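The file final-v4.tsv contains TSV, C-alpha atoms:
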```
chain	number	residue	atom	x	y	z
A	1	MET	CA	-8.41	56.57	13.49
A	2	ILE	CA	-8.59	60.31	14.19
A	3	LEU	CA	-7.45	61.08	10.69
A	4	GLN	CA	-10.17	58.97	9.11
A	5	GLU	CA	-12.21	62.03	8.09
A	6	LYS	CA	-9.25	63.53	6.28
A	7	ILE	CA	-8.19	60.44	4.34
A	8	ASN	CA	-10.80	58.66	2.27
A	9	LEU	CA	-9.79	54.99	2.18
A	10	ASP	CA	-11.29	54.70	-1.29
A	11	ASP	CA	-8.61	57.06	-2.59
A	12	LEU	CA	-5.84	54.71	-1.56
A	13	ILE	CA	-4.54	51.51	-3.10
A	14	ILE	CA	-1.91	49.00	-2.02
A	15	CYS	CA	0.13	47.27	-4.73
A	16	ASN	CA	-0.72	43.55	-4.77
A	17	LYS	CA	2.84	42.60	-5.64
A	18	CYS	CA	5.05	44.65	-3.28
A	19	ASN	CA	2.53	46.09	-0.76
A	20	THR	CA	3.49	49.72	-1.39
A	21	LEU	CA	0.78	52.22	-0.45
A	22	HIS	CA	-0.30	54.63	-3.18
A	23	LYS	CA	-2.80	57.42	-3.67
A	24	LYS	CA	-5.15	56.66	-6.56
A	25	VAL	CA	-5.03	59.00	-9.53
A	26	LYS	CA	-7.69	59.56	-12.16
A	27	LEU	CA	-6.70	57.79	-15.35
A	28	PRO	CA	-7.44	58.85	-18.91
A	29	LYS	CA	-9.47	56.40	-21.00
A	30	GLY	CA	-7.43	53.28	-21.62
A	31	GLY	CA	-4.85	54.39	-19.07
A	32	VAL	CA	-2.95	52.03	-16.80
A	33	ALA	CA	-1.70	52.74	-13.26
A	34	ARG	CA	1.61	51.05	-12.49
A	35	CYS	CA	3.28	50.78	-9.09
A	36	SER	CA	6.23	53.17	-8.76
A	37	GLU	CA	8.20	50.57	-6.76
A	38	CYS	CA	7.84	47.42	-8.83
A	39	GLY	CA	6.05	48.41	-12.05
A	40	ASN	CA	3.14	46.05	-11.43
A	41	ILE	CA	-0.18	47.06	-13.03
A	42	MET	CA	-2.51	48.04	-10.17
A	43	TYR	CA	-5.62	49.20	-11.96
A	44	ARG	CA	-6.75	50.27	-15.41
A	45	ASN	CA	-9.38	52.49	-16.89
A	46	ILE	CA	-10.86	50.20	-19.47
A	47	SER	CA	-14.36	50.91	-20.59
A	48	GLU	CA	-16.71	47.98	-20.06
A	49	ALA	CA	-13.95	45.76	-18.61
A	50	PHE	CA	-16.59	43.67	-16.90
A	51	ALA	CA	-18.86	43.46	-19.95
A	52	LYS	CA	-15.88	42.14	-21.90
A	53	GLY	CA	-15.33	39.58	-19.14
A	54	VAL	CA	-18.91	38.36	-19.52
A	55	ALA	CA	-18.65	38.14	-23.31
A	56	PHE	CA	-15.43	36.18	-23.06
A	57	SER	CA	-16.82	33.88	-20.38
A	58	ILE	CA	-19.50	32.76	-22.87
A	59	THR	CA	-16.70	32.07	-25.38
A	60	ALA	CA	-14.75	30.25	-22.67
A	61	LEU	CA	-17.77	28.11	-21.76
A	62	ILE	CA	-18.22	26.95	-25.37
A	63	LEU	CA	-14.49	26.25	-25.72
A	64	TYR	CA	-14.47	24.36	-22.42
A	65	ILE	CA	-17.39	22.15	-23.44
A	66	VAL	CA	-15.76	21.38	-26.80
A	67	ALA	CA	-12.44	20.67	-25.06
A	68	SER	CA	-13.99	18.19	-22.65
A	69	ILE	CA	-16.20	16.27	-25.10
A	70	PHE	CA	-13.80	15.62	-27.96
A	71	PRO	CA	-10.37	13.95	-27.65
A	72	ILE	CA	-7.44	16.28	-26.92
A	73	ILE	CA	-4.83	13.89	-28.26
A	74	GLU	CA	-5.04	10.45	-29.79
A	75	VAL	CA	-2.32	7.96	-29.01
A	76	SER	CA	-1.77	4.68	-30.73
A	77	ILE	CA	0.72	2.17	-29.36
A	78	GLY	CA	1.19	-1.08	-31.19
A	79	GLY	CA	-2.13	-0.72	-32.97
A	80	VAL	CA	-4.12	0.00	-29.81
A	81	LYS	CA	-5.74	3.42	-29.97
A	82	ASN	CA	-6.51	5.52	-26.93
A	83	SER	CA	-7.74	9.08	-26.78
A	84	LEU	CA	-7.40	11.60	-24.01
A	85	THR	CA	-10.33	13.60	-22.70
A	86	ILE	CA	-10.53	15.33	-19.32
A	87	PRO	CA	-13.58	13.34	-18.05
A	88	GLN	CA	-12.07	10.03	-19.15
A	89	MET	CA	-8.73	10.89	-17.48
A	90	ILE	CA	-10.52	11.61	-14.19
A	91	TYR	CA	-12.59	8.44	-14.55
A	92	THR	CA	-9.39	6.37	-14.97
A	93	LEU	CA	-7.91	7.85	-11.77
A	94	PHE	CA	-11.04	7.12	-9.72
A	95	ASN	CA	-11.40	3.68	-11.28
A	96	GLU	CA	-7.87	2.75	-10.23
A	97	GLY	CA	-8.49	3.91	-6.68
A	98	TYR	CA	-6.59	7.21	-6.72
A	99	PHE	CA	-9.39	9.17	-5.06
A	100	VAL	CA	-7.29	12.00	-3.63
A	101	VAL	CA	-5.47	12.65	-6.92
A	102	GLY	CA	-8.78	12.32	-8.78
A	103	ALA	CA	-10.58	14.72	-6.46
A	104	ILE	CA	-7.89	17.41	-6.65
A	105	ILE	CA	-7.61	17.11	-10.44
A	106	THR	CA	-11.42	17.36	-10.70
A	107	THR	CA	-11.28	20.51	-8.58
A	108	VAL	CA	-8.56	22.30	-10.54
A	109	LEU	CA	-9.63	21.17	-14.04
A	110	VAL	CA	-13.43	20.96	-13.84
A	111	ILE	CA	-14.97	22.64	-10.79
A	112	THR	CA	-12.94	25.85	-10.66
A	113	PRO	CA	-12.97	26.72	-14.40
A	114	LEU	CA	-16.73	26.16	-14.51
A	115	SER	CA	-17.26	28.18	-11.32
A	116	VAL	CA	-15.28	31.09	-12.73
A	117	ILE	CA	-17.29	31.08	-15.97
A	118	LEU	CA	-20.69	30.56	-14.33
A	119	SER	CA	-19.91	33.18	-11.64
A	120	TYR	CA	-19.24	35.76	-14.33
A	121	LEU	CA	-22.49	34.93	-16.11
A	122	LEU	CA	-24.62	34.80	-12.96
A	123	LEU	CA	-23.07	38.03	-11.70
A	124	ALA	CA	-23.84	39.76	-14.98
A	125	ILE	CA	-27.52	38.80	-14.67
A	126	LEU	CA	-27.81	39.78	-10.99
A	127	VAL	CA	-26.08	43.14	-11.49
A	128	LYS	CA	-28.13	43.87	-14.60
A	129	PHE	CA	-31.40	43.54	-12.69
A	130	LYS	CA	-29.94	44.92	-9.44
A	131	ILE	CA	-31.23	42.01	-7.39
A	132	PHE	CA	-29.69	39.91	-4.56
A	133	LYS	CA	-26.96	42.38	-3.68
A	134	SER	CA	-25.47	40.28	-0.86
A	135	LEU	CA	-25.47	37.14	-3.03
A	136	SER	CA	-23.51	39.00	-5.71
A	137	ARG	CA	-21.00	40.00	-3.06
A	138	HIS	CA	-20.43	36.32	-2.21
A	139	ILE	CA	-20.22	35.38	-5.89
A	140	ILE	CA	-17.47	37.95	-6.51
A	141	SER	CA	-15.43	36.66	-3.54
A	142	PHE	CA	-15.98	33.07	-4.71
A	143	LEU	CA	-14.95	34.02	-8.25
A	144	ILE	CA	-11.70	35.57	-7.02
A	145	ILE	CA	-10.79	32.51	-4.91
A	146	SER	CA	-11.73	30.07	-7.71
A	147	ARG	CA	-9.42	31.85	-10.15
A	148	ASP	CA	-6.39	31.00	-7.97
A	149	TRP	CA	-7.21	27.30	-8.04
A	150	GLU	CA	-7.87	26.96	-11.75
A	151	MET	CA	-5.02	25.17	-13.57
A	152	ILE	CA	-6.09	24.57	-17.19
A	153	ASP	CA	-3.04	26.53	-18.41
A	154	ILE	CA	-0.70	24.23	-16.48
A	155	PHE	CA	-2.59	21.23	-17.82
A	156	ALA	CA	-2.01	22.45	-21.41
A	157	ILE	CA	1.75	22.60	-20.78
A	158	SER	CA	1.59	19.14	-19.18
A	159	ILE	CA	0.08	17.71	-22.37
A	160	LEU	CA	3.15	18.87	-24.29
A	161	VAL	CA	5.45	17.33	-21.68
A	162	ALA	CA	3.50	14.05	-21.85
A	163	LEU	CA	3.80	14.08	-25.66
A	164	VAL	CA	7.58	14.26	-25.44
A	165	LYS	CA	7.55	11.32	-23.01
A	166	LEU	CA	5.39	9.31	-25.45
A	167	PHE	CA	7.47	10.31	-28.45
A	168	GLY	CA	9.24	7.29	-29.89
A	169	TYR	CA	6.93	4.75	-28.26
A	170	ALA	CA	3.65	5.85	-29.74
A	171	GLU	CA	2.02	7.54	-32.68
A	172	VAL	CA	0.41	10.72	-31.49
A	173	SER	CA	-2.08	12.93	-33.30
A	174	PHE	CA	-3.76	16.06	-32.05
A	175	GLY	CA	-7.51	15.95	-31.61
A	176	VAL	CA	-10.10	18.68	-32.22
A	177	SER	CA	-10.08	19.64	-28.56
A	178	PHE	CA	-6.42	20.52	-28.47
A	179	VAL	CA	-7.12	23.73	-30.39
A	180	ALA	CA	-10.15	24.45	-28.21
A	181	LEU	CA	-8.05	23.92	-25.10
A	182	ILE	CA	-5.29	26.29	-26.28
A	183	LEU	CA	-7.92	28.92	-27.20
A	184	PHE	CA	-9.49	28.47	-23.78
A	185	VAL	CA	-6.12	29.09	-22.11
A	186	ILE	CA	-5.64	32.28	-24.17
A	187	VAL	CA	-9.12	33.60	-23.29
A	188	ASP	CA	-8.55	32.60	-19.69
A	189	ILE	CA	-5.15	34.27	-19.26
A	190	PHE	CA	-5.91	37.46	-21.17
A	191	PHE	CA	-9.51	38.07	-20.16
A	192	LEU	CA	-10.91	36.02	-17.29
A	193	LYS	CA	-7.85	36.06	-15.01
A	194	ASN	CA	-6.70	39.47	-16.19
A	195	ILE	CA	-9.67	41.40	-14.81
A	196	ARG	CA	-8.48	42.82	-11.49
A	197	PRO	CA	-10.68	42.28	-8.42
A	198	ILE	CA	-10.85	46.05	-7.91
A	199	GLU	CA	-12.34	46.45	-11.39
A	200	ILE	CA	-15.09	43.93	-10.64
A	201	TRP	CA	-15.86	45.59	-7.31
A	202	SER	CA	-15.96	49.11	-8.72
A	203	TYR	CA	-18.35	47.92	-11.43
A	204	PHE	CA	-20.48	46.22	-8.76
A	205	ASN	CA	-20.62	49.36	-6.58
A	206	ARG	CA	-21.32	51.65	-9.53
A	207	GLU	CA	-24.17	49.53	-10.90
A	208	TYR	CA	-25.94	48.90	-7.59
A	209	ASN	CA	-25.73	52.55	-6.53
A	210	ARG	CA	-26.93	53.89	-9.83
B	1	MET	CA	-0.88	58.12	9.50
B	2	LYS	CA	1.75	55.48	8.89
B	3	ARG	CA	1.91	52.69	6.35
B	4	GLU	CA	1.20	50.03	9.01
B	5	ASP	CA	-2.18	51.59	9.73
B	6	PHE	CA	-3.48	50.31	6.42
B	7	ILE	CA	-4.11	46.78	5.17
B	8	ARG	CA	-5.13	45.48	1.76
B	9	CYS	CA	-8.14	43.22	1.39
B	10	PRO	CA	-7.05	40.18	-0.69
B	11	TYR	CA	-10.56	39.75	-2.12
B	12	CYS	CA	-11.44	43.24	-3.33
B	13	GLU	CA	-8.10	45.11	-3.09
B	14	SER	CA	-9.68	47.92	-1.08
B	15	VAL	CA	-7.63	49.60	1.65
B	16	ASN	CA	-8.77	49.02	5.22
B	17	LEU	CA	-7.66	50.31	8.61
B	18	ASN	CA	-5.35	47.86	10.35
B	19	SER	CA	-5.81	46.50	13.86
B	20	ASP	CA	-4.41	43.58	15.85
B	21	GLY	CA	-7.56	41.46	15.95
B	22	ASP	CA	-9.72	39.94	13.23
B	23	ILE	CA	-10.52	42.44	10.47
B	24	TYR	CA	-13.54	42.33	8.19
B	25	CYS	CA	-13.29	44.26	4.94
B	26	ARG	CA	-15.41	47.42	4.83
B	27	VAL	CA	-16.28	46.92	1.14
B	28	CYS	CA	-16.77	43.19	0.55
B	29	LYS	CA	-17.36	42.13	4.21
B	30	ASN	CA	-14.90	39.23	3.88
B	31	LYS	CA	-12.53	38.37	6.70
B	32	ILE	CA	-9.17	39.88	5.76
B	33	GLY	CA	-7.12	37.87	8.20
B	34	ASP	CA	-7.05	36.05	11.46
B	35	GLU	CA	-5.47	37.46	14.54
B	36	PRO	CA	-1.73	37.42	13.49
B	37	ASN	CA	-0.55	34.82	16.03
B	38	ARG	CA	-3.28	32.42	14.98
B	39	SER	CA	-2.54	32.77	11.27
B	40	LEU	CA	1.15	32.26	12.04
B	41	SER	CA	0.48	28.91	13.74
B	42	THR	CA	-1.92	27.89	10.96
B	43	ALA	CA	0.71	28.64	8.31
B	44	TRP	CA	3.38	26.65	10.20
B	45	ALA	CA	1.07	23.66	10.72
B	46	LEU	CA	0.09	23.53	7.04
B	47	LEU	CA	3.69	23.99	5.93
B	48	ILE	CA	4.99	21.13	8.12
B	49	THR	CA	2.21	18.86	6.81
B	50	ALA	CA	3.24	19.77	3.26
B	51	MET	CA	6.90	19.03	4.01
B	52	ILE	CA	6.04	15.56	5.37
B	53	PHE	CA	4.07	14.82	2.18
B	54	TYR	CA	7.02	16.11	0.12
B	55	ILE	CA	9.30	13.48	1.69
B	56	ILE	CA	6.74	10.71	1.09
B	57	ALA	CA	6.18	11.90	-2.50
B	58	ASN	CA	9.90	11.66	-3.23
B	59	THR	CA	10.39	8.25	-1.60
B	60	TYR	CA	7.52	6.32	-3.16
B	61	PRO	CA	6.95	5.83	-6.91
B	62	ILE	CA	4.81	8.49	-8.56
B	63	LEU	CA	4.29	6.27	-11.62
B	64	GLU	CA	4.05	2.51	-12.07
B	65	ILE	CA	4.75	0.80	-15.38
B	66	THR	CA	3.51	-2.75	-15.90
B	67	LYS	CA	5.20	-4.51	-18.83
B	68	PHE	CA	4.17	-8.08	-19.52
B	69	GLY	CA	3.03	-8.61	-15.92
B	70	HIS	CA	6.20	-7.14	-14.44
B	71	THR	CA	5.65	-3.93	-12.48
B	72	SER	CA	8.33	-1.31	-11.94
B	73	GLY	CA	7.96	1.96	-10.05
B	74	ASN	CA	9.31	5.33	-11.07
B	75	THR	CA	10.09	7.96	-8.46
B	76	ILE	CA	10.21	11.65	-9.39
B	77	ILE	CA	14.01	11.79	-9.33
B	78	GLY	CA	14.19	8.40	-11.12
B	79	GLY	CA	11.95	9.79	-13.88
B	80	VAL	CA	14.11	12.89	-14.25
B	81	ILE	CA	17.29	10.80	-14.47
B	82	ALA	CA	15.70	8.45	-17.04
B	83	LEU	CA	14.65	11.42	-19.20
B	84	TRP	CA	18.13	12.93	-18.92
B	85	GLU	CA	19.77	9.68	-20.01
B	86	GLU	CA	17.38	9.41	-22.96
B	87	GLY	CA	18.54	12.84	-24.05
B	88	SER	CA	15.30	14.75	-23.43
B	89	TYR	CA	17.18	17.49	-21.57
B	90	PRO	CA	14.55	20.28	-21.74
B	91	ILE	CA	11.78	18.00	-20.40
B	92	ALA	CA	14.09	16.61	-17.70
B	93	ILE	CA	14.82	20.19	-16.61
B	94	ILE	CA	11.11	21.19	-16.67
B	95	ILE	CA	10.12	18.18	-14.55
B	96	PHE	CA	13.03	18.74	-12.18
B	97	LEU	CA	12.18	22.43	-11.73
B	98	ALA	CA	8.44	21.87	-11.37
B	99	SER	CA	8.49	18.83	-9.07
B	100	VAL	CA	11.68	19.05	-7.05
B	101	PHE	CA	12.97	22.62	-7.10
B	102	VAL	CA	9.74	24.69	-7.00
B	103	PRO	CA	8.28	22.98	-3.89
B	104	LEU	CA	11.64	23.30	-2.08
B	105	LEU	CA	11.93	26.95	-3.07
B	106	LYS	CA	8.41	27.56	-1.85
B	107	PHE	CA	9.14	25.90	1.52
B	108	ILE	CA	12.25	28.03	1.97
B	109	LEU	CA	10.43	31.26	1.04
B	110	ILE	CA	7.52	30.55	3.40
B	111	ILE	CA	9.87	29.56	6.26
B	112	TYR	CA	11.86	32.78	5.69
B	113	ILE	CA	8.71	34.92	5.79
B	114	LEU	CA	7.36	33.12	8.88
B	115	ILE	CA	10.63	33.36	10.83
B	116	ASN	CA	10.95	36.98	9.83
B	117	SER	CA	7.47	37.80	11.15
B	118	LYS	CA	8.58	37.01	14.72
B	119	LYS	CA	12.18	38.12	14.72
B	120	ARG	CA	13.63	40.23	11.93
B	121	VAL	CA	16.41	38.75	9.85
B	122	LYS	CA	19.05	41.44	9.39
B	123	GLY	CA	18.94	43.53	6.26
B	124	SER	CA	15.62	42.32	4.87
B	125	LYS	CA	13.10	44.88	3.66
B	126	LYS	CA	9.36	44.58	3.60
B	127	VAL	CA	9.18	45.29	-0.11
B	128	ASP	CA	11.49	42.37	-0.83
B	129	GLN	CA	9.47	40.03	1.34
B	130	ALA	CA	6.20	41.07	-0.26
B	131	LYS	CA	7.76	40.29	-3.65
B	132	LEU	CA	8.98	36.91	-2.37
B	133	TYR	CA	5.47	36.16	-1.17
B	134	HIS	CA	4.08	37.16	-4.57
B	135	ILE	CA	6.58	34.77	-6.22
B	136	THR	CA	5.46	31.87	-3.99
B	137	GLU	CA	1.86	32.51	-5.04
B	138	ILE	CA	2.75	32.48	-8.75
B	139	ILE	CA	5.06	29.45	-8.87
B	140	GLY	CA	2.99	27.28	-6.50
B	141	PRO	CA	0.52	25.69	-8.95
B	142	TRP	CA	3.30	24.83	-11.45
B	143	SER	CA	4.31	21.87	-9.28
B	144	MET	CA	1.17	20.18	-10.62
B	145	VAL	CA	2.83	19.57	-14.03
B	146	ASP	CA	4.18	16.17	-13.02
B	147	ILE	CA	0.83	15.02	-11.61
B	148	PHE	CA	-0.97	16.03	-14.81
B	149	VAL	CA	1.65	14.18	-16.88
B	150	VAL	CA	1.13	11.03	-14.77
B	151	ALA	CA	-2.66	11.34	-15.11
B	152	ILE	CA	-2.39	11.81	-18.89
B	153	LEU	CA	-0.03	8.83	-19.30
B	154	ALA	CA	-2.18	6.62	-17.04
B	155	SER	CA	-5.15	7.58	-19.17
B	156	VAL	CA	-3.68	6.88	-22.62
B	157	VAL	CA	-1.24	4.04	-21.99
B	158	HIS	CA	-3.23	0.96	-21.15
B	159	MET	CA	-3.40	-2.13	-23.29
B	160	GLY	CA	-2.74	-5.83	-22.98
B	161	SER	CA	1.01	-5.83	-22.45
B	162	VAL	CA	1.93	-2.32	-21.25
B	163	LYS	CA	0.04	-0.33	-18.65
B	164	ILE	CA	0.87	2.86	-16.75
B	165	THR	CA	-0.84	3.70	-13.46
B	166	ALA	CA	-0.31	6.38	-10.86
B	167	GLY	CA	1.69	5.46	-7.75
B	168	VAL	CA	1.42	6.13	-4.01
B	169	GLY	CA	3.81	9.05	-4.47
B	170	ALA	CA	1.24	10.81	-6.67
B	171	THR	CA	-1.28	11.00	-3.82
B	172	ALA	CA	1.36	12.37	-1.45
B	173	PHE	CA	2.46	14.84	-4.12
B	174	VAL	CA	-0.99	16.39	-4.77
B	175	LEU	CA	-1.53	16.67	-1.01
B	176	MET	CA	1.86	18.40	-0.76
B	177	VAL	CA	0.86	20.95	-3.44
B	178	PHE	CA	-2.54	21.45	-1.80
B	179	PHE	CA	-1.14	22.06	1.71
B	180	THR	CA	1.65	24.36	0.47
B	181	MET	CA	-0.94	26.51	-1.32
B	182	LEU	CA	-3.10	26.63	1.82
B	183	SER	CA	-0.06	27.54	3.91
B	184	ALA	CA	0.79	30.44	1.59
B	185	MET	CA	-2.85	31.59	1.73
B	186	ALA	CA	-2.76	31.61	5.55
B	187	ILE	CA	-0.01	34.25	5.52
B	188	ASP	CA	-1.59	37.67	5.62
B	189	GLU	CA	-0.04	41.05	5.07
B	190	ARG	CA	0.50	41.68	8.76
B	191	LEU	CA	2.96	38.77	9.00
B	192	ILE	CA	5.19	40.41	6.41
B	193	LYS	CA	6.93	42.83	8.74
B	194	GLU	CA	8.06	46.36	7.94
B	195	ASP	CA	11.67	47.42	8.48
B	196	LYS	CA	11.79	49.34	11.79
B	197	LYS	CA	14.10	52.29	11.35
```

As structure tokens:
Amino acid sequence: MILQEKINLDDLIICNKCNTLHKKVKLPKGGVARCSECGNIMYRNISEAFAKGVAFSITALILYIVASIFPIIEVSIGGVKNSLTIPQMIYTLFNEGYFVVGAIITTVLVITPLSVILSYLLLAILVKFKIFKSLSRHIISFLIISRDWEMIDIFAISILVALVKLFGYAEVSFGVSFVALILFVIVDIFFLKNIRPIEIWSYFNREYNR
Amino acid sequence: MKREDFIRCPYCESVNLNSDGDIYCRVCKNKIGDEPNRSLSTAWALLITAMIFYIIANTYPILEITKFGHTSGNTIIGGVIALWEEGSYPIAIIIFLASVFVPLLKFILIIYILINSKKRVKGSKKVDQAKLYHITEIIGPWSMVDIFVVAILASVVHMGSVKITAGVGATAFVLMVFFTMLSAMAIDERLIKEDKK
């Protein structure tokens, strides 16, 4: 505690993968800081990282809506056709009395992806007009927790596994939404989940103190 | 100042000064962690709950197939064996890894970290443990693959003669995944002990 004046805590960073303590260094434009112990990317100097996040969250929202309205796959067994959509899948679970499974699937496939997207958009508006500073703080924390519980990527892999199980018994064709879902996963992994919490917070602090 | 004097906020990644009690982050004002003993008991309680659900999930059928009025249940292991016998080796391996191996691995990793936080296991380093913890966070959600597959099949396979529904095991399984994730979240940095030289 005595040394607090000498060391500025903002100059330090702890690797999120191996917990090694580092001193922050100034990065050139487009530079990446990797942990010397484990090689994990700790922070980057990407111009407008957050603005890109907002732009891609609009893309993600459109893709998500398309992916939930139209059928992802269409299965026909013995002449009976059924199509798979996320809302209909959840409805089936609730209808058959599997409330716990239904509730958790709703959380990880509907609530969290939408919260991530809407948090980004709402945050962009609040920060732009520099209003409701404490609300924005809560939104960022909420956004970071929601990202950990969002499982659309795992769902996409599960569709492929389910297709192999159906193979031989049923005729399967891909619906419009399958492409939208895959694109959503790409946007999600490379842009929405890839923005480090520290990058969001530094943007937040910079904009509100401007 | 030593390494132990600092702690990382899981929400905003800023570095804070460590203390034994509850810590609130200086940047985002979130609670970084409970008092270590309390978070240790929380993590154990959630983990044991998850392990009980794991046993139930493996005993009861996760999937029920009704063919011409005759219902047969499929447990996780039963499903894996059936896939293997059909010759779908890659899918059998994926399901086995995601539903049987990953949860077990996660239990073992969390137990190791929790035991280590009280009494050090010989030869373990903090860096290794932090990496193990990071692995548990990454592999955790992948256990959901089997549940999604069951939900997809239950949704598309229903007609007059053949119908697939979820089983009791499915409920136990999602609860298992849920509680294991909560247990891993209850572990904070202070429980991952440094090697005392």

Identify, on the basis of all atoms listed in the file, every residue whose closest approach to region 151-155 of chain B does not exceed 12 Å; exclude the query and any residue fewer than 6 positions from it along the same chain; express the result as a PyMOL selection string.
(chain A and resi 71-75+81-96+98+101-102+104-106+155-167+170) or (chain B and resi 62-66+144-145+162-167+170-171+174)

Any chance you could work out the axis-aligned box around region 99-102 of chain B, listed atoms only, 8 Å on each side, giving centre and edge lengths in Å to one decimal, as JSON?
```
{"center_x": 10.7, "center_y": 21.8, "center_z": -8.0, "size_x": 20.5, "size_y": 21.9, "size_z": 18.1}
```

Given all atoms listed in the file, how would the per-residue table for region 100-198 of chain A near region 2-22 of chain B read, listing every residue at most 10 Å away with its closest atom pair and distance in Å to one decimal, sorted by chain and number, as CSV?
```
residue,atom,partner,partner_atom,distance
A:Ile140,CA,B:Tyr11,CA,8.4
A:Ser141,CA,B:Tyr11,CA,5.9
A:Phe142,CA,B:Tyr11,CA,9.0
A:Leu143,CA,B:Tyr11,CA,9.5
A:Ile144,CA,B:Tyr11,CA,6.5
A:Ile145,CA,B:Tyr11,CA,7.8
A:Arg196,CA,B:Cys12,CA,8.7
A:Pro197,CA,B:Cys12,CA,5.2
A:Ile198,CA,B:Cys12,CA,5.4
```

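Residue nearest Met159 (chain B), chosen from B:Leu105, B:Glu189, B:Phe68, B:Val80 and counting only C-alpha atoms: B:Phe68.
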
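Between chain B and the residues A:Asn19, A:Asn45, A:Asn8, A:Thr112, the shortest atom-to-atom distance, using all atoms listed in the file, involves A:Asn19.
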
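In this comparison, which uses all atoms listed in the file, the residue of A:Ile41, A:Val32, A:Leu63, A:Ile58 approaching Ser119 (chain A) most closely is A:Ile58.
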
What does the structure give for the distance between CA of Ile52 (chain B) and CA of Pro90 (chain B), in Å to one decimal?
28.8 Å

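Distances to chain A were evaluated for B:Ser161, B:Ser39, B:Thr71, B:Asn58 using only C-alpha atoms, and the minimum falls at B:Ser161.
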
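One distance worth recording is that between CA of Trp142 (chain B) and CA of Ala98 (chain B), which is 5.9 Å.
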
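CA of Ile76 (chain B) to CA of Ala57 (chain B) spans 8.0 Å [interatomic distance, one decimal].
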
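Each of B:Tyr54, B:Phe96, B:Phe148, B:Phe179 was checked against chain A using only C-alpha atoms; the smallest atom-to-atom distance is that of B:Phe148.
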